[in-house]
$ cat upload_4.tsv   # TSV, C-alpha atoms and all ligand atoms
chain	number	residue	atom	x	y	z
A	134	MET	CA	81.83	84.25	132.52
A	135	LYS	CA	78.58	84.00	130.64
A	136	GLN	CA	78.53	80.82	128.59
A	137	LYS	CA	77.80	82.71	125.39
A	138	LEU	CA	80.75	85.08	125.80
A	139	GLY	CA	83.17	82.18	126.28
A	140	GLU	CA	81.84	80.53	123.14
A	141	ILE	CA	82.29	83.67	121.05
A	142	ILE	CA	85.88	84.15	122.26
A	143	LYS	CA	86.65	80.48	121.56
A	144	LYS	CA	85.16	80.75	118.08
A	145	ALA	CA	87.31	83.79	117.28
A	146	LEU	CA	90.50	82.24	118.66
A	147	GLU	CA	89.87	79.09	116.65
A	148	GLY	CA	89.79	81.21	113.50
A	149	GLY	CA	86.00	81.47	113.11
A	150	GLU	CA	84.49	84.68	111.77
A	151	ILE	CA	82.27	86.18	114.42
A	152	THR	CA	78.95	87.74	113.41
A	153	ALA	CA	77.68	91.26	114.04
A	154	GLU	CA	75.43	89.95	116.82
A	155	GLU	CA	78.38	88.18	118.45
A	156	LEU	CA	80.50	91.32	118.22
A	157	LYS	CA	77.70	93.20	119.97
A	158	GLU	CA	77.85	90.69	122.85
A	159	LEU	CA	81.59	91.40	123.17
A	160	LEU	CA	81.10	95.17	123.02
A	161	MET	CA	78.49	95.01	125.77
A	162	VAL	CA	81.02	93.72	128.33
A	163	PRO	CA	81.60	96.47	130.94
A	164	SER	CA	85.21	97.66	130.77
A	165	LEU	CA	86.11	96.75	134.37
A	166	ALA	CA	84.24	93.45	134.54
A	167	GLU	CA	86.20	90.21	134.96
A	168	GLU	CA	85.06	89.25	131.45
A	169	ALA	CA	86.75	92.36	130.02
A	170	TYR	CA	90.13	91.03	131.18
A	171	LEU	CA	89.42	87.70	129.49
A	172	LEU	CA	88.47	89.56	126.35
A	173	CYS	CA	91.73	91.54	126.42
A	174	ALA	CA	93.79	88.39	127.09
A	175	ALA	CA	92.15	86.73	124.07
A	176	SER	CA	92.71	89.69	121.73
A	177	ARG	CA	96.32	89.95	122.87
A	178	LYS	CA	96.80	86.25	122.13
A	179	MET	CA	95.27	86.73	118.67
A	180	VAL	CA	97.61	89.60	117.74
A	181	GLU	CA	100.65	87.76	119.13
A	182	ARG	CA	99.89	84.81	116.85
A	183	ALA	CA	99.16	87.05	113.86
A	184	SER	CA	102.34	89.11	114.28
A	185	GLN	CA	104.76	86.56	115.76
A	186	SER	CA	104.68	88.74	118.90
A	187	LYS	CA	106.24	91.68	117.07
A	188	ALA	CA	105.32	95.33	117.41
A	189	GLU	CA	106.20	98.26	115.16
A	190	VAL	CA	106.53	102.01	115.50
A	191	HIS	CA	105.68	104.11	112.47
A	192	GLY	CA	106.64	107.73	112.07
A	193	GLN	CA	104.12	110.33	110.95
A	194	VAL	CA	104.93	113.83	109.77
A	195	GLY	CA	102.19	116.45	109.46
A	196	ILE	CA	102.81	118.81	106.53
A	197	ASP	CA	100.21	121.48	107.35
A	198	CYS	CA	97.71	122.65	109.94
A	199	GLY	CA	94.05	123.70	109.31
A	200	PRO	CA	91.65	125.40	108.88
A	201	CYS	CA	90.31	122.41	106.95
A	202	PRO	CA	87.03	122.82	105.02
A	203	LYS	CA	85.92	119.24	105.67
A	204	ASN	CA	85.02	120.42	109.16
A	205	CYS	CA	85.16	117.13	111.05
A	206	ALA	CA	83.76	118.07	114.46
A	207	PHE	CA	86.34	115.92	116.29
A	208	CYS	CA	89.37	117.45	114.56
A	209	SER	CA	91.41	120.40	115.75
A	210	PHE	CA	92.12	121.31	112.11
A	211	ALA	CA	88.40	121.74	111.31
A	212	ALA	CA	87.65	125.35	110.39
A	213	ARG	CA	84.61	125.33	112.68
A	214	ASN	CA	86.71	124.45	115.75
A	215	GLN	CA	88.81	127.59	115.30
A	216	VAL	CA	91.93	126.07	116.89
A	217	PHE	CA	94.13	127.01	113.92
A	218	PRO	CA	92.58	130.12	112.32
A	219	GLU	CA	95.60	130.48	109.99
A	220	ALA	CA	96.99	127.80	107.70
A	221	ILE	CA	100.57	126.76	108.47
A	222	VAL	CA	102.57	124.83	105.90
A	223	ARG	CA	106.01	123.44	106.64
A	224	THR	CA	108.85	123.75	104.16
A	225	ALA	CA	109.98	120.78	102.11
A	226	GLU	CA	113.38	120.83	103.89
A	227	ASP	CA	111.70	120.71	107.29
A	228	ILE	CA	109.44	117.81	106.25
A	229	VAL	CA	112.27	115.80	104.68
A	230	SER	CA	114.45	116.31	107.73
A	231	ARG	CA	111.67	115.21	110.12
A	232	CYS	CA	111.04	112.08	108.02
A	233	LEU	CA	114.74	111.24	108.00
A	234	SER	CA	115.02	111.71	111.78
A	235	LEU	CA	112.13	109.32	112.37
A	236	GLU	CA	113.66	106.77	109.97
A	237	LYS	CA	117.02	107.09	111.73
A	238	GLU	CA	115.37	106.53	115.11
A	239	GLY	CA	114.09	103.23	113.74
A	240	ALA	CA	110.56	103.96	112.46
A	241	ASN	CA	109.43	100.94	110.42
A	242	ALA	CA	107.37	103.08	108.00
A	243	ILE	CA	106.84	106.79	107.36
A	244	PHE	CA	103.40	108.38	107.05
A	245	LEU	CA	103.08	111.75	105.34
A	246	MET	CA	99.95	113.54	106.50
A	247	ALA	CA	98.20	116.58	105.04
A	248	THR	CA	94.82	118.20	105.66
A	249	ALA	CA	92.12	118.17	102.99
A	250	ARG	CA	92.98	121.80	102.19
A	251	TYR	CA	96.46	120.90	100.93
A	252	ALA	CA	96.74	120.62	97.12
A	253	PHE	CA	97.41	117.13	95.78
A	254	ALA	CA	100.02	118.36	93.28
A	255	ASP	CA	102.00	120.08	96.08
A	256	TYR	CA	101.72	116.96	98.19
A	257	LEU	CA	103.18	114.81	95.42
A	258	LYS	CA	106.03	117.27	94.97
A	259	ILE	CA	107.04	116.99	98.64
A	260	ALA	CA	106.45	113.24	98.65
A	261	ARG	CA	108.89	112.79	95.75
A	262	GLU	CA	111.58	114.62	97.74
A	263	VAL	CA	110.88	112.53	100.84
A	264	LYS	CA	110.94	109.29	98.84
A	265	ARG	CA	114.23	110.25	97.22
A	266	GLU	CA	115.87	110.76	100.63
A	267	LEU	CA	114.43	107.77	102.53
A	268	LYS	CA	115.97	104.32	102.29
A	269	PRO	CA	114.32	102.61	99.30
A	270	GLU	CA	112.96	99.83	101.51
A	271	THR	CA	111.22	102.14	104.02
A	272	PRO	CA	107.47	102.04	103.26
A	273	LEU	CA	105.94	105.47	102.62
A	274	ILE	CA	102.25	105.84	103.47
A	275	ALA	CA	99.93	108.68	102.43
A	276	ASN	CA	97.44	110.16	104.88
A	277	ILE	CA	95.51	112.69	102.79
A	278	ASP	CA	92.14	113.86	101.49
A	279	ASP	CA	89.86	111.72	99.32
A	280	PHE	CA	90.93	110.98	95.76
A	281	GLY	CA	90.06	109.04	92.62
A	282	ASP	CA	91.72	106.48	90.35
A	283	GLU	CA	94.11	108.93	88.72
A	284	GLU	CA	95.50	110.19	92.05
A	285	ALA	CA	95.77	106.62	93.37
A	286	GLN	CA	97.91	105.70	90.37
A	287	ALA	CA	100.04	108.82	90.89
A	288	LEU	CA	100.63	107.90	94.55
A	289	LYS	CA	101.67	104.41	93.54
A	290	LYS	CA	104.00	105.79	90.87
A	291	THR	CA	105.57	108.17	93.40
A	292	GLY	CA	106.51	105.18	95.51
A	293	PHE	CA	103.80	105.08	98.17
A	294	GLN	CA	103.12	101.64	99.49
A	295	GLY	CA	99.80	102.40	101.09
A	296	ILE	CA	97.40	104.94	102.51
A	297	TYR	CA	95.87	105.57	105.90
A	298	HIS	CA	92.19	106.20	105.35
A	299	VAL	CA	89.26	106.00	107.70
A	300	MET	CA	85.51	105.89	107.36
A	301	HIS	CA	85.11	108.01	110.48
A	302	MET	CA	82.58	107.43	113.20
A	303	GLY	CA	79.76	109.83	112.38
A	304	GLU	CA	80.96	110.30	108.78
A	305	GLY	CA	78.58	112.64	106.97
A	306	ARG	CA	77.00	113.61	110.28
A	307	GLU	CA	79.94	114.89	112.31
A	308	THR	CA	81.96	115.61	109.15
A	309	GLU	CA	81.22	117.28	105.85
A	310	ILE	CA	82.38	114.23	103.90
A	311	GLU	CA	79.93	111.89	102.20
A	312	PRO	CA	80.58	108.29	103.28
A	313	ARG	CA	80.44	107.10	99.65
A	314	ILE	CA	83.41	109.38	98.85
A	315	ARG	CA	85.49	107.67	101.54
A	316	LEU	CA	84.61	104.28	100.09
A	317	LYS	CA	85.46	105.47	96.58
A	318	THR	CA	88.94	106.50	97.77
A	319	ILE	CA	89.58	103.15	99.44
A	320	THR	CA	88.42	101.31	96.31
A	321	ALA	CA	90.69	103.45	94.10
A	322	ALA	CA	93.66	102.81	96.39
A	323	LEU	CA	93.14	99.06	96.42
A	324	LYS	CA	92.72	99.05	92.64
A	325	ALA	CA	96.06	100.85	92.29
A	326	GLY	CA	97.77	98.25	94.48
A	327	LEU	CA	98.07	100.45	97.58
A	328	GLU	CA	97.63	98.82	100.97
A	329	ILE	CA	95.20	100.26	103.50
A	330	GLY	CA	95.84	101.26	107.09
A	331	THR	CA	92.64	102.14	108.90
A	332	ALA	CA	90.83	102.19	112.23
A	333	VAL	CA	87.47	102.41	113.95
A	334	GLU	CA	87.76	105.99	115.10
A	335	PRO	CA	87.27	108.43	116.68
A	336	ILE	CA	84.90	106.75	119.13
A	337	GLY	CA	83.15	108.85	121.77
A	338	PRO	CA	80.37	108.20	124.28
A	339	GLU	CA	77.97	109.68	121.70
A	340	HIS	CA	78.33	106.67	119.39
A	341	SER	CA	76.13	103.58	119.34
A	342	LEU	CA	77.43	100.01	119.47
A	343	ASP	CA	75.72	99.47	116.12
A	344	GLU	CA	77.91	102.11	114.51
A	345	ILE	CA	81.08	100.54	115.97
A	346	ILE	CA	79.91	97.20	114.56
A	347	GLU	CA	79.15	98.70	111.13
A	348	LYS	CA	82.63	100.28	110.91
A	349	THR	CA	84.34	97.09	112.12
A	350	MET	CA	82.58	94.98	109.50
A	351	LEU	CA	83.55	97.50	106.83
A	352	ILE	CA	87.21	97.24	107.86
A	353	ARG	CA	87.07	93.45	107.87
A	354	ALA	CA	85.85	93.51	104.27
A	355	MET	CA	88.75	95.82	103.27
A	356	LYS	CA	91.40	93.30	104.38
A	357	PRO	CA	93.67	96.10	105.65
A	358	ALA	CA	97.38	95.98	106.39
A	359	HIS	CA	96.60	97.37	109.80
A	360	ALA	CA	93.51	98.28	111.77
A	361	GLY	CA	93.02	100.06	115.06
A	362	VAL	CA	90.62	101.64	117.50
A	363	GLY	CA	90.86	105.27	118.49
A	364	ARG	CA	88.96	107.29	121.03
A	365	ARG	CA	87.84	110.80	120.26
A	366	ILE	CA	89.98	113.30	122.14
A	367	LYS	CA	88.04	116.22	123.52
A	368	ILE	CA	88.77	119.46	121.67
A	369	PRO	CA	87.80	122.26	124.08
A	370	GLY	CA	85.01	124.39	122.61
A	371	SER	CA	84.05	121.86	119.91
A	372	SER	CA	80.44	120.73	119.55
A	373	LEU	CA	81.37	117.20	120.71
A	374	ALA	CA	83.19	118.32	123.87
A	375	VAL	CA	79.90	118.17	125.79
A	376	HIS	CA	79.96	114.35	125.50
A	377	GLY	CA	83.33	114.04	127.26
A	378	GLN	CA	85.59	111.20	126.15
A	379	PHE	CA	86.22	107.54	126.93
A	380	ASN	CA	89.05	106.60	129.25
A	381	ALA	CA	91.79	104.16	128.17
A	382	ALA	CA	90.21	101.23	130.04
A	383	GLN	CA	86.87	101.73	128.27
A	384	ILE	CA	88.50	101.88	124.87
A	385	ALA	CA	90.72	98.83	125.58
A	386	SER	CA	87.74	96.51	125.86
A	387	VAL	CA	86.30	97.94	122.62
A	388	GLN	CA	89.71	97.36	121.02
A	389	ALA	CA	89.73	93.75	122.23
A	390	ALA	CA	86.27	93.09	120.77
A	391	VAL	CA	87.22	94.68	117.42
A	392	ILE	CA	90.45	92.65	117.21
A	393	LEU	CA	88.55	89.42	117.81
A	394	ALA	CA	86.09	90.38	115.06
A	395	LEU	CA	88.89	91.15	112.58
A	396	GLY	CA	90.67	87.85	113.11
A	397	TYR	CA	94.19	86.63	112.37
A	398	GLU	CA	94.54	88.24	108.94
A	399	VAL	CA	95.30	91.67	110.39
A	400	LYS	CA	98.86	91.76	111.73
A	401	GLY	CA	98.91	95.31	113.12
A	402	HIS	CA	96.58	97.17	115.48
A	403	CYS	CA	97.05	100.74	116.60
A	404	GLY	CA	95.31	102.31	119.57
A	405	GLU	CA	96.01	103.33	123.11
A	406	HIS	CA	99.46	102.36	124.40
A	407	GLY	CA	99.65	101.06	127.96
A	408	ILE	CA	96.35	99.31	128.68
A	409	GLY	CA	95.63	99.02	124.96
A	410	ALA	CA	98.99	97.38	124.32
A	411	MET	CA	98.05	94.70	126.86
A	412	ALA	CA	94.92	94.07	124.77
A	413	GLY	CA	96.80	93.66	121.48
A	414	VAL	CA	97.91	97.11	120.32
A	415	ASN	CA	101.22	96.37	118.56
A	416	LEU	CA	101.50	99.46	116.38
A	417	ALA	CA	102.32	102.91	117.70
A	418	PHE	CA	102.99	106.21	115.98
A	419	ALA	CA	105.76	108.66	116.67
A	420	GLU	CA	104.37	111.93	115.40
A	421	ALA	CA	106.23	115.03	114.31
A	422	GLY	CA	104.75	118.28	113.08
A	423	SER	CA	101.11	118.47	114.14
A	424	ASN	CA	98.21	116.07	114.32
A	425	PRO	CA	94.45	116.54	114.40
A	426	ARG	CA	94.13	115.54	118.05
A	427	ASP	CA	96.43	118.33	119.15
A	428	THR	CA	95.83	121.95	119.84
A	429	GLU	CA	99.54	122.65	119.41
A	430	VAL	CA	101.30	123.39	116.14
A	431	ASN	CA	104.18	121.05	117.00
A	432	THR	CA	103.47	117.67	118.46
A	433	VAL	CA	106.20	116.93	120.93
A	434	LYS	CA	104.64	114.19	122.98
A	435	GLY	CA	104.74	111.60	120.19
A	436	ASP	CA	107.79	112.55	118.20
A	437	ASN	CA	110.18	110.04	119.60
A	438	VAL	CA	110.38	106.51	118.24
A	439	GLY	CA	112.39	105.45	121.31
A	440	ILE	CA	109.58	106.45	123.70
A	441	ARG	CA	107.01	104.54	121.66
A	442	ARG	CA	109.25	101.47	121.49
A	443	ALA	CA	109.80	101.58	125.24
A	444	GLU	CA	106.04	101.75	125.86
A	445	LEU	CA	105.45	98.70	123.69
A	446	ARG	CA	108.32	96.81	125.34
A	447	GLU	CA	106.81	97.62	128.76
A	448	ALA	CA	103.70	95.75	127.59
A	449	GLY	CA	105.82	92.74	126.68
A	450	TRP	CA	106.15	93.23	122.91
A	451	GLU	CA	109.30	92.56	120.95
A	452	ILE	CA	110.10	95.38	118.51
A	453	HIS	CA	110.46	94.57	114.84
A	454	GLU	CA	113.64	96.06	113.33
A	455	GLY	CA	113.79	97.23	109.72
A	456	PRO	CA	111.08	97.95	107.16
A	457	SER	CA	107.51	97.27	108.26
A	458	VAL	CA	106.14	93.79	107.77
A	459	ILE	CA	102.67	95.06	108.59
A	460	PHE	CA	102.79	97.03	105.33
A	461	GLN	CA	104.54	94.34	103.34
A	462	GLN	CA	102.04	91.56	103.14
A	501	LIG	S1	89.99	114.93	109.97
A	501	LIG	FE1	91.09	115.45	108.06
A	501	LIG	S2	89.43	116.01	106.64
A	501	LIG	FE2	88.55	116.16	108.71
A	501	LIG	S3	88.82	118.29	109.32
A	501	LIG	FE3	90.61	117.13	110.09
A	501	LIG	S4	92.17	117.36	108.50
A	501	LIG	FE4	90.19	117.93	107.59
$ encode --input "upload_4.tsv" --output "structure tokens"
Amino acid sequence: MKQKLGEIIKKALEGGEITAEELKELLMVPSLAEEAYLLCAASRKMVERASQSKAEVHGQVGIDCGPCPKNCAFCSFAARNQVFPEAIVRTAEDIVSRCLSLEKEGANAIFLMATARYAFADYLKIAREVKRELKPETPLIANIDDFGDEEAQALKKTGFQGIYHVMHMGEGRETEIEPRIRLKTITAALKAGLEIGTAVEPIGPEHSLDEIIEKTMLIRAMKPAHAGVGRRIKIPGSSLAVHGQFNAAQIASVQAAVILALGYEVKGHCGEHGIGAMAGVNLAFAEAGSNPRDTEVNTVKGDNVGIRRAELREAGWEIHEGPSVIFQQ
């Protein structure tokens, strides 16, 4: 192992804050090199210490499917990708029942997701019904469009504990969202007392290391409840499909580097299960309804908390029972 790499890993594990230049050194490690395994072992160790070796599975229910006007090139809901030419909105009964099933299966928190085309007032209406039916201690997390101070207060009042919000890779370039709007939303949420779940995503071969570093440093400054690293999934026919996508091994070493840069304060990290879980991923999502990586209306592959728990256990994690501790800091 290069001397410098060992020193950076040691610094991170001893609680030091690594610099952007040091993170770049970590990100430059080829994914199948011997050093990549050391990197993953170190990031795993860091998350084990931060989380007392516990993993969580959160449930996410998608309320509607595109076409979304924000047109993120990586998203199957984007109007320009023409995967969902018609909008589909689930009924309140359907959404409540999916949330309750996930809670019953043992989900430690419930995320309620909507596209940017879904009206905030309608979202709050459904959220109130969901909140009324869930156990009071189950954290409810909003995954929605950008908003301001007033909406942040309304989310808090409705009983949301946090939001999932991402400054996407290529924001403003591969999306029709101005980066400053994303930041404004995160600031409003924090001001209202909402916790932030976020990630460096969706990363594809088209992105520079400098952009991964910029997004990681932004997340570190946010002091999120959970972070993560996500690869861009190829949507056939989309403008980004030509770049292909990273494999799980490539993204695991990026995940390891990002974890080491974020340090011990972040207790939860989502990302690829399997190889990623060996590198420190201790947060998985069981998804019902649809999600923006799918080209199907109903996600079936991720809708089972038991499957997600089993995957995490296979990677040696103990599963936390009860309400999330990641979202109760
Ligand atoms: S990522 Fe969100 S905002 Fe962007 S197109 Fe998809 S649903 Fe709309």
$ closest_residue --input "upload_4.tsv" --among "A:Gly149, A:Pro312, A:Gly305, A:Pro200" --to "ligand LIG 501 (chain A)" --atoms "all atoms listed in the file"
A:Pro200
$ residues_near_ligand --input "upload_4.tsv" --ligand "ligand LIG 501 (chain A)" --cutoff "6 Å" --atoms "all atoms listed in the file" --output "list in words"
Cys201, Lys203, Asn204, Cys205, Cys208, Phe210, Ala211, Thr248, Ala249 and Pro425 of chain A
$ write_last_selection --input "upload_4.tsv" --atoms "C-alpha atoms" --output "short mmCIF file (atom, residue, chain, number, x, y, z; two decimals), in the frame of the given file"
data_model
loop_
_atom_site.label_atom_id
_atom_site.label_comp_id
_atom_site.auth_asym_id
_atom_site.auth_seq_id
_atom_site.Cartn_x
_atom_site.Cartn_y
_atom_site.Cartn_z
CA CYS A 201 90.31 122.41 106.95
CA LYS A 203 85.92 119.24 105.67
CA ASN A 204 85.02 120.42 109.16
CA CYS A 205 85.16 117.13 111.05
CA CYS A 208 89.37 117.45 114.56
CA PHE A 210 92.12 121.31 112.11
CA ALA A 211 88.40 121.74 111.31
CA THR A 248 94.82 118.20 105.66
CA ALA A 249 92.12 118.17 102.99
CA PRO A 425 94.45 116.54 114.40
#
$ residues_around --input "upload_4.tsv" --residues "A:Ala325" --least-positions-apart "6" --cutoff "7 Å" --atoms "only C-alpha atoms" --output "PyMOL selection string"
chain A and resi 285-286+289
$ residues_near_point --input "upload_4.tsv" --point "(82.1, 100.5, 113.2)" --cutoff "10 Å" --atoms "all atoms listed in the file" --output "list in words"
Met300, His301, Met302, Gly303, Ala332, Val333, Glu334, Ile336, His340, Ser341, Leu342, Asp343, Glu344, Ile345, Ile346, Glu347, Lys348, Thr349, Met350, Leu351, Ile352, Val362 and Val391 of chain A
$ closest_atom_pairs --input "upload_4.tsv" --of "stretch 287-324 of chain A" --to "stretch 260-270 of chain A" --cutoff "12 Å" --atoms "only C-alpha atoms" --output "tab-separated table"
residue	atom	partner	partner_atom	distance
A:Ala287	CA	A:Arg261	CA	10.8
A:Leu288	CA	A:Ala260	CA	8.9
A:Lys289	CA	A:Ala260	CA	11.3
A:Lys290	CA	A:Arg261	CA	9.8
A:Thr291	CA	A:Arg261	CA	6.2
A:Gly292	CA	A:Lys264	CA	6.9
A:Phe293	CA	A:Lys264	CA	8.3
A:Gln294	CA	A:Glu270	CA	10.2
$ closest_residue --input "upload_4.tsv" --among "A:His376, A:Arg365, A:Arg231, A:Arg446" --to "A:Ala188" --atoms "only C-alpha atoms"
A:Arg446
$ closest_residue --input "upload_4.tsv" --among "A:His359, A:His298, A:Arg177, A:Arg306" --to "A:Ala206" --atoms "only C-alpha atoms"
A:Arg306
$ atom_distance --input "upload_4.tsv" --atom1 "atom CA of A:Phe418" --atom2 "atom CA of A:Val194"
10.0 Å
$ closest_residue --input "upload_4.tsv" --among "A:Leu172, A:Ser209, A:Ile196, A:His402" --to "A:Ile366" --atoms "only C-alpha atoms"
A:Ser209
$ closest_residue --input "upload_4.tsv" --among "A:Glu328, A:Ala390, A:Glu283, A:Ala174" --to "A:Glu154" --atoms "only C-alpha atoms"
A:Ala390
$ atom_distance --input "upload_4.tsv" --atom1 "atom CA of A:Asp279" --atom2 "atom CA of A:Ala358"
18.8 Å
$ axis_aligned_box --input "upload_4.tsv" --around "stretch 265-273 of chain A" --padding-each-side "5 Å" --output "JSON"
{"center_x": 111.0, "center_y": 105.3, "center_z": 100.6, "size_x": 20.0, "size_y": 20.9, "size_z": 16.8}
$ closest_residue --input "upload_4.tsv" --among "A:Ala242, A:Val375, A:Lys187, A:Asp278" --to "A:Ala448" --atoms "only C-alpha atoms"
A:Lys187
